[in-house]
Amino acid sequence: MSTAGGPLLAATDLELSFGATPALRSASITVDAGELVAVMGPSGSGKSTLLHCLAGILVPEHGQVVFDAIRIDTLREAARSELRRSRFGFVFQFGQLVPELTAEENVALPLLLEGVRRHDALGRARGWFDRLDLGGLERRRSGELSGGEAQRVALARALVAGPDVVFADEPTGSLDTLAGEHVMELLVGAARDQGSAVVLVTHDARVAAYADREVIVRDGRTTSLLPAR
Amino acid sequence: MSVPLALLGLLEREPRHGYDLKRDYDAFFGRDKPLPFGQVYATLGRLARDGKVIAGEAEPGSGPDRKRYVITADGVSDLEAWLAEPVPAEPHLQTVLFVKVVLALLSGRSAETYLDTQRAAHMARMRELTELRRSSTLVDALLADHGLFHLEADLRWIDLTASRLDALAKEVQA
Ligand SMILES: Nc1ncnc2c1ncn2[C@@H]1O[C@H](COP(=O)(O)OP(=O)(O)OP(=O)(O)O)[C@@H](O)[C@H]1O
Ligand SMILES: [Mg+2]
């Protein structure tokens, strides 16, 4: 999946301002196929903005984003949207499940949007429930799930289509230690099994310690130090 | 805690008598635990023997505190190497981290570089413990967790300190 030799995803010298607020001043990051990279840094430093640029949700004003040999920051919105749907998965901190749908329909959503037949999509979605310790909750709606359960449903939805990259922005941010660890165990295990790379934004060092390495964002700039020794 | 290196750091600011050096040390690092005189002189003696400091001529007067100590180039280079090097990431390190940050700020060196290096060392150890924890029995996992929570506490302190370096430098150098 990765381009010969190069990283799967590479952003170079990104700059982006919201009005007068510079959110990214010079941000660069690479992610190899199957690699787990944690993005850390103070609140307001630009972590989410960086993630959104990497995922083709936002377009940087300067710099470039290359995914699988495609320059995605210059693609038109329709093409980026198609790329997000077909190659990426997303998990955020809150409020991502569609409240009108059951848990299994939520998980099946990426497949349904890709044109998989409903019966097959729901079948594949159900396969994730036991694996994520959600057995029996298939027909619940999001209002009937605990925060940790809802987050694992969101995780299943992010993983169900076998994405090349899962983008996770504070996926454990609203959970207690134990529930957060549960989500991380499952995310890391499933991503490794299917070879998905993960870009994980987190404040929490214990969550970041599940990743292969970390990139620090400060004031819109990235630094990634290799551990000494 | 590394008393000899802390004394070298204080001596790098200016040559000092043993007595003044003890007072500097206690003011910055010894608030709960002042450094005994005996230890100051014993440490200075060893540093002088190893060529890290030079003791001046004894000045006329009574008492042991009649020599002024000067750091040597070799002493400065030991100090620099120590300041730049991350402490092995283990729980209960706070005081060493603190001493390194204060000495770096006192001498106008980059505490930020040190903190970044220390943070990377902590994260590397936390990754090891996380991996260990994922592949071990519950009892071993419990031990790994203990280490992880303590390292996390250090990391929070590292982050907070990093965000306050400018203000800290002003205060320490005042
Ligand atoms: N849609 C927006 N409109 C205006 N300003 C924005 C917008 N999104 C982000 N910003 C600003 O850009 C900067 C970076 O924000 P970003 O959300 O990337 O930070 P973050 O590192 O994710 O913070 P947190 O840890 O609090 O989530 C901040 O100053 C923020 O106020
Ligand atoms: Mg954010």
# chains A, B, ... in the order shown; residues from 1 in each chain; ligands from 1

call {"tool": "interface_residues", "arguments": {"of": "chain B", "to": "chain A", "cutoff": "10 Å", "atoms": "only C-alpha atoms", "output": "number ranges by chain"}}
result
B: 85-86, 88, 116-131, 134, 145, 148-149, 151-153, 155-156, 159-160, 163

call {"tool": "write_last_selection", "arguments": {"atoms": "C-alpha atoms", "output": "short mmCIF file (atom, residue, chain, number, x, y, z; two decimals), in the first residue's frame"}}
result
data_model
loop_
_atom_site.label_atom_id
_atom_site.label_comp_id
_atom_site.auth_asym_id
_atom_site.auth_seq_id
_atom_site.Cartn_x
_atom_site.Cartn_y
_atom_site.Cartn_z
CA GLU B 85 21.84 13.91 29.49
CA PRO B 86 18.36 12.57 30.32
CA PRO B 88 17.14 7.11 33.25
CA ASP B 116 12.66 17.58 25.43
CA THR B 117 15.36 14.94 25.79
CA GLN B 118 14.06 13.92 29.19
CA ARG B 119 10.52 13.74 27.87
CA ALA B 120 11.65 11.47 25.02
CA ALA B 121 13.43 9.20 27.53
CA HIS B 122 10.30 9.04 29.67
CA MET B 123 8.08 8.27 26.70
CA ALA B 124 10.44 5.53 25.55
CA ARG B 125 10.28 3.91 28.99
CA MET B 126 6.51 4.28 29.09
CA ARG B 127 6.25 2.51 25.74
CA GLU B 128 8.35 -0.36 27.09
CA LEU B 129 6.19 -0.64 30.19
CA THR B 130 2.99 -0.46 28.11
CA GLU B 131 4.25 -3.25 25.89
CA ARG B 134 0.05 -5.86 27.38
CA ASP B 145 1.10 0.37 35.95
CA LEU B 148 3.54 4.20 34.26
CA PHE B 149 1.56 6.41 36.63
CA LEU B 151 6.40 8.46 34.95
CA GLU B 152 3.22 10.17 33.84
CA ALA B 153 3.41 12.44 36.88
CA LEU B 155 5.86 14.05 32.37
CA ARG B 156 3.13 16.39 33.53
CA ASP B 159 5.25 19.76 30.32
CA LEU B 160 4.21 22.35 32.85
CA SER B 163 5.50 25.97 29.36
#

call {"tool": "residues_near_ligand", "arguments": {"ligand": "ligand 1", "cutoff": "12 Å", "atoms": "only C-alpha atoms and all ligand atoms", "output": "NGL selection string"}}
result
:A and (15-25 or 27 or 39-53 or 57-58 or 92-93 or 168-171 or 173 or 200-204 or 216-222)

call {"tool": "write_last_selection", "arguments": {"atoms": "N, CA and C atoms", "output": "compact mmCIF listing (two decimals), in the first residue's frame"}}
result
# COMPACT_ATOMS: atom_id res chain seq x y z
N GLU A 15 1.33 25.18 6.88
CA GLU A 15 0.95 26.43 7.53
C GLU A 15 -0.54 26.63 7.30
N LEU A 16 -1.22 27.06 8.36
CA LEU A 16 -2.65 27.34 8.22
C LEU A 16 -3.08 28.29 9.32
N SER A 17 -3.77 29.35 8.93
CA SER A 17 -4.30 30.30 9.92
C SER A 17 -5.81 30.32 9.85
N PHE A 18 -6.42 30.56 11.00
CA PHE A 18 -7.86 30.83 11.03
C PHE A 18 -7.98 32.33 11.26
N GLY A 19 -8.29 33.09 10.23
CA GLY A 19 -8.29 34.54 10.36
C GLY A 19 -6.91 34.98 10.78
N ALA A 20 -6.83 35.69 11.91
CA ALA A 20 -5.53 36.20 12.36
C ALA A 20 -4.80 35.18 13.23
N THR A 21 -5.44 34.05 13.53
CA THR A 21 -4.83 33.07 14.43
C THR A 21 -4.02 32.05 13.64
N PRO A 22 -2.70 32.04 13.78
CA PRO A 22 -1.94 30.99 13.12
C PRO A 22 -2.09 29.68 13.91
N ALA A 23 -2.65 28.66 13.28
CA ALA A 23 -2.82 27.37 13.97
C ALA A 23 -1.64 26.46 13.66
N LEU A 24 -1.18 26.46 12.42
CA LEU A 24 0.03 25.71 12.06
C LEU A 24 1.02 26.70 11.46
N ARG A 25 2.25 26.67 11.96
CA ARG A 25 3.28 27.59 11.46
C ARG A 25 4.31 26.86 10.62
N ALA A 27 4.51 22.67 10.28
CA ALA A 27 4.27 21.34 10.83
C ALA A 27 4.59 20.29 9.78
N VAL A 39 0.33 12.16 18.43
CA VAL A 39 0.56 13.59 18.30
C VAL A 39 0.19 14.22 19.63
N MET A 40 1.19 14.84 20.27
CA MET A 40 0.97 15.41 21.61
C MET A 40 1.31 16.89 21.60
N GLY A 41 0.98 17.57 22.68
CA GLY A 41 1.31 18.98 22.78
C GLY A 41 0.24 19.72 23.54
N PRO A 42 0.55 20.95 23.96
CA PRO A 42 -0.40 21.72 24.78
C PRO A 42 -1.70 22.01 24.05
N SER A 43 -2.72 22.35 24.82
CA SER A 43 -4.01 22.72 24.25
C SER A 43 -3.84 23.95 23.35
N GLY A 44 -4.46 23.90 22.19
CA GLY A 44 -4.37 25.04 21.28
C GLY A 44 -3.11 25.09 20.44
N SER A 45 -2.26 24.05 20.55
CA SER A 45 -0.99 24.08 19.82
C SER A 45 -1.13 23.72 18.35
N GLY A 46 -2.29 23.16 17.96
CA GLY A 46 -2.50 22.86 16.54
C GLY A 46 -2.63 21.39 16.21
N LYS A 47 -2.79 20.55 17.22
CA LYS A 47 -2.84 19.09 16.99
C LYS A 47 -4.02 18.70 16.10
N SER A 48 -5.21 19.19 16.47
CA SER A 48 -6.39 18.80 15.70
C SER A 48 -6.32 19.38 14.29
N THR A 49 -5.81 20.59 14.18
CA THR A 49 -5.68 21.20 12.86
C THR A 49 -4.74 20.36 11.98
N LEU A 50 -3.65 19.91 12.58
CA LEU A 50 -2.71 19.06 11.84
C LEU A 50 -3.40 17.77 11.39
N LEU A 51 -4.12 17.16 12.30
CA LEU A 51 -4.83 15.92 11.96
C LEU A 51 -5.82 16.16 10.81
N HIS A 52 -6.53 17.27 10.88
CA HIS A 52 -7.51 17.56 9.83
C HIS A 52 -6.83 17.81 8.48
N CYS A 53 -5.66 18.41 8.50
CA CYS A 53 -4.91 18.59 7.24
C CYS A 53 -4.44 17.25 6.69
N ILE A 57 -9.37 16.98 5.51
CA ILE A 57 -10.58 17.70 5.92
C ILE A 57 -10.33 19.20 5.76
N LEU A 58 -9.15 19.64 6.18
CA LEU A 58 -8.73 21.02 5.96
C LEU A 58 -7.62 21.04 4.92
N PHE A 92 -13.41 10.36 17.08
CA PHE A 92 -13.23 11.63 17.80
C PHE A 92 -13.61 11.46 19.25
N GLN A 93 -13.51 12.57 19.98
CA GLN A 93 -13.75 12.49 21.42
C GLN A 93 -15.21 12.24 21.77
N ALA A 168 -7.47 9.42 14.96
CA ALA A 168 -8.16 9.40 16.25
C ALA A 168 -7.79 10.67 17.01
N ASP A 169 -8.78 11.51 17.29
CA ASP A 169 -8.52 12.77 18.01
C ASP A 169 -9.08 12.63 19.42
N GLU A 170 -8.21 12.50 20.39
CA GLU A 170 -8.60 12.30 21.80
C GLU A 170 -9.64 11.21 21.95
N PRO A 171 -9.39 10.02 21.42
CA PRO A 171 -10.43 8.98 21.45
C PRO A 171 -10.77 8.53 22.87
N GLY A 173 -10.55 10.77 25.47
CA GLY A 173 -10.62 12.02 26.22
C GLY A 173 -11.78 12.11 27.19
N LEU A 200 -2.79 9.35 16.26
CA LEU A 200 -3.51 9.44 17.52
C LEU A 200 -3.18 10.76 18.21
N VAL A 201 -4.16 11.65 18.29
CA VAL A 201 -3.95 12.91 19.03
C VAL A 201 -4.36 12.67 20.48
N THR A 202 -3.46 12.97 21.42
CA THR A 202 -3.82 12.79 22.82
C THR A 202 -3.00 13.68 23.74
N HIS A 203 -3.60 14.07 24.86
CA HIS A 203 -2.90 14.77 25.92
C HIS A 203 -2.25 13.79 26.88
N ASP A 204 -2.72 12.56 26.82
CA ASP A 204 -2.46 11.61 27.88
C ASP A 204 -1.23 10.76 27.53
N ILE A 216 5.61 15.98 18.80
CA ILE A 216 5.11 17.03 19.68
C ILE A 216 4.79 18.27 18.85
N VAL A 217 3.62 18.85 19.09
CA VAL A 217 3.26 20.11 18.43
C VAL A 217 3.29 21.20 19.49
N ARG A 218 4.05 22.25 19.21
CA ARG A 218 4.07 23.42 20.11
C ARG A 218 3.92 24.64 19.25
N ASP A 219 2.89 25.42 19.56
CA ASP A 219 2.75 26.67 18.84
C ASP A 219 2.75 26.48 17.33
N GLY A 220 2.08 25.43 16.87
CA GLY A 220 1.96 25.20 15.43
C GLY A 220 3.18 24.61 14.76
N ARG A 221 4.18 24.24 15.57
CA ARG A 221 5.39 23.62 14.99
C ARG A 221 5.58 22.22 15.56
N THR A 222 6.06 21.33 14.72
CA THR A 222 6.27 19.96 15.18
C THR A 222 7.73 19.75 15.57

call {"tool": "select_by_dssp", "arguments": {"residues": "chain B", "states": "helix (DSSP H, G or I)", "output": "number ranges by chain"}}
result
B: 3-13, 18-28, 37-49, 73-84, 94-106, 111-134, 138-163, 165-173

call {"tool": "write_last_selection", "arguments": {"atoms": "C-alpha atoms", "output": "compact mmCIF listing (two decimals), in the first residue's frame"}}
result
# COMPACT_ATOMS: atom_id res chain seq x y z
CA VAL B 3 25.59 16.83 44.99
CA PRO B 4 29.00 17.08 43.26
CA LEU B 5 27.44 18.16 39.96
CA ALA B 6 25.08 20.58 41.66
CA LEU B 7 28.09 22.18 43.42
CA LEU B 8 29.92 22.39 40.08
CA GLY B 9 26.86 24.10 38.61
CA LEU B 10 26.83 26.65 41.41
CA LEU B 11 30.59 27.20 41.18
CA GLU B 12 30.28 27.84 37.48
CA ARG B 13 28.40 31.06 38.27
CA GLY B 18 32.73 26.46 50.90
CA TYR B 19 30.44 28.24 53.30
CA ASP B 20 28.80 30.40 50.62
CA LEU B 21 28.48 27.38 48.38
CA LYS B 22 26.55 25.54 51.06
CA ARG B 23 24.26 28.53 51.45
CA ASP B 24 23.64 28.68 47.68
CA TYR B 25 22.95 24.97 47.59
CA ASP B 26 20.52 25.11 50.50
CA ALA B 27 18.69 28.09 48.97
CA PHE B 28 18.10 26.37 45.64
CA PHE B 37 29.23 21.17 56.09
CA GLY B 38 31.16 17.95 56.30
CA GLN B 39 29.67 16.79 53.03
CA VAL B 40 30.41 20.11 51.31
CA TYR B 41 34.11 19.93 52.22
CA ALA B 42 34.43 16.23 51.51
CA THR B 43 32.83 16.73 48.09
CA LEU B 44 34.98 19.75 47.27
CA GLY B 45 38.05 17.76 48.32
CA ARG B 46 37.18 14.97 45.90
CA LEU B 47 36.39 17.43 43.11
CA ALA B 48 39.75 19.11 43.65
CA ARG B 49 41.55 15.76 43.67
CA ALA B 73 37.44 23.50 32.17
CA ASP B 74 37.20 19.80 32.93
CA GLY B 75 34.60 20.55 35.60
CA VAL B 76 32.57 22.66 33.17
CA SER B 77 32.63 19.94 30.58
CA ASP B 78 31.40 17.34 33.14
CA LEU B 79 28.63 19.71 34.14
CA GLU B 80 27.58 20.31 30.54
CA ALA B 81 27.49 16.63 29.73
CA TRP B 82 25.41 15.95 32.82
CA LEU B 83 22.94 18.76 32.16
CA ALA B 84 22.27 17.57 28.63
CA GLN B 94 11.60 14.67 40.55
CA THR B 95 14.46 16.24 42.48
CA VAL B 96 17.11 15.42 39.88
CA LEU B 97 14.90 16.80 37.13
CA PHE B 98 14.38 19.92 39.19
CA VAL B 99 18.09 20.43 39.86
CA LYS B 100 18.96 20.07 36.19
CA VAL B 101 16.33 22.57 35.12
CA VAL B 102 17.37 25.14 37.75
CA LEU B 103 21.08 24.78 36.97
CA ALA B 104 20.43 25.09 33.24
CA LEU B 105 18.42 28.27 33.80
CA LEU B 106 20.97 29.69 36.23
CA ALA B 111 16.47 23.95 29.73
CA GLU B 112 14.04 23.31 26.88
CA THR B 113 16.44 21.02 25.06
CA TYR B 114 17.06 19.13 28.26
CA LEU B 115 13.33 18.81 28.98
CA ASP B 116 12.66 17.58 25.43
CA THR B 117 15.36 14.94 25.79
CA GLN B 118 14.06 13.92 29.19
CA ARG B 119 10.52 13.74 27.87
CA ALA B 120 11.65 11.47 25.02
CA ALA B 121 13.43 9.20 27.53
CA HIS B 122 10.30 9.04 29.67
CA MET B 123 8.08 8.27 26.70
CA ALA B 124 10.44 5.53 25.55
CA ARG B 125 10.28 3.91 28.99
CA MET B 126 6.51 4.28 29.09
CA ARG B 127 6.25 2.51 25.74
CA GLU B 128 8.35 -0.36 27.09
CA LEU B 129 6.19 -0.64 30.19
CA THR B 130 2.99 -0.46 28.11
CA GLU B 131 4.25 -3.25 25.89
CA LEU B 132 5.27 -5.29 28.95
CA ARG B 133 1.90 -4.72 30.49
CA ARG B 134 0.05 -5.86 27.38
CA LEU B 138 -2.07 -9.23 35.92
CA VAL B 139 0.45 -9.03 38.75
CA ASP B 140 3.26 -7.90 36.46
CA ALA B 141 0.84 -5.52 34.79
CA LEU B 142 0.15 -4.01 38.19
CA LEU B 143 3.83 -3.28 38.68
CA ALA B 144 4.12 -1.82 35.19
CA ASP B 145 1.10 0.37 35.95
CA HIS B 146 2.76 1.69 39.06
CA GLY B 147 5.76 2.76 37.00
CA LEU B 148 3.54 4.20 34.26
CA PHE B 149 1.56 6.41 36.63
CA HIS B 150 4.70 7.77 38.26
CA LEU B 151 6.40 8.46 34.95
CA GLU B 152 3.22 10.17 33.84
CA ALA B 153 3.41 12.44 36.88
CA ASP B 154 6.98 13.38 35.93
CA LEU B 155 5.86 14.05 32.37
CA ARG B 156 3.13 16.39 33.53
CA TRP B 157 5.70 18.26 35.53
CA ILE B 158 8.03 18.34 32.50
CA ASP B 159 5.25 19.76 30.32
CA LEU B 160 4.21 22.35 32.85
CA THR B 161 7.81 23.38 33.43
CA ALA B 162 8.45 23.62 29.69
CA SER B 163 5.50 25.97 29.36
CA LEU B 165 10.54 28.35 31.24
CA ASP B 166 10.65 32.03 30.34
CA ALA B 167 9.10 33.13 33.62
CA LEU B 168 11.23 30.66 35.57
CA ALA B 169 14.43 31.90 33.97
CA LYS B 170 13.58 35.45 35.01
CA GLU B 171 12.93 34.42 38.58
CA VAL B 172 16.00 32.22 38.94
CA GLN B 173 18.36 34.73 37.37

call {"tool": "atom_distance", "arguments": {"atom1": "atom CA of Glu144 of chain A", "atom2": "atom CA of Phe129 of chain A"}}
result
15.6 Å

call {"tool": "residues_around", "arguments": {"residues": "segment 5-8 of chain A", "least_positions_apart": "2", "cutoff": "12 Å", "atoms": "only C-alpha atoms", "output": "ChimeraX atom specification"}}
result
/A:1-3,10-11,29-36,54,65-71,87,164-165,195-199

call {"tool": "residues_around", "arguments": {"residues": "segment 131-133 of chain A", "least_positions_apart": "2", "cutoff": "7 Å", "atoms": "only C-alpha atoms", "output": "list in words"}}
result
Trp128, Phe129, Gly135, Arg152 and Leu186 of chain A

call {"tool": "atom_distance", "arguments": {"atom1": "atom CA of Leu101 of chain A", "atom2": "atom CA of Gln151 of chain A"}}
result
15.1 Å

call {"tool": "closest_residue", "arguments": {"among": "A:Ala55, A:Leu9, A:Arg157, A:Leu134", "to": "Ala121 of chain A", "atoms": "only C-alpha atoms"}}
result
A:Arg157

call {"tool": "residues_around", "arguments": {"residues": "segment 105-108 of chain A", "least_positions_apart": "4", "cutoff": "12 Å", "atoms": "only C-alpha atoms", "output": "ChimeraX atom specification"}}
result
/A:89-91,96-101,112-129,132,134,137-142,150-161

call {"tool": "atom_distance", "arguments": {"atom1": "atom CA of Gly56 of chain B", "atom2": "atom CA of Tyr69 of chain B"}}
result
6.0 Å

call {"tool": "closest_residue", "arguments": {"among": "A:Pro110, A:Gly148, A:Ser28, A:Ile72", "to": "Leu178 of chain A", "atoms": "only C-alpha atoms"}}
result
A:Gly148

call {"tool": "closest_residue", "arguments": {"among": "A:Phe94, A:Glu77, A:Gly162, A:Thr177", "to": "ligand 2", "atoms": "only C-alpha atoms and all ligand atoms"}}
result
A:Phe94

call {"tool": "closest_residue", "arguments": {"among": "A:Leu14, A:Ala38, A:Ala79, A:Ala190", "to": "Phe167 of chain A", "atoms": "only C-alpha atoms"}}
result
A:Ala38
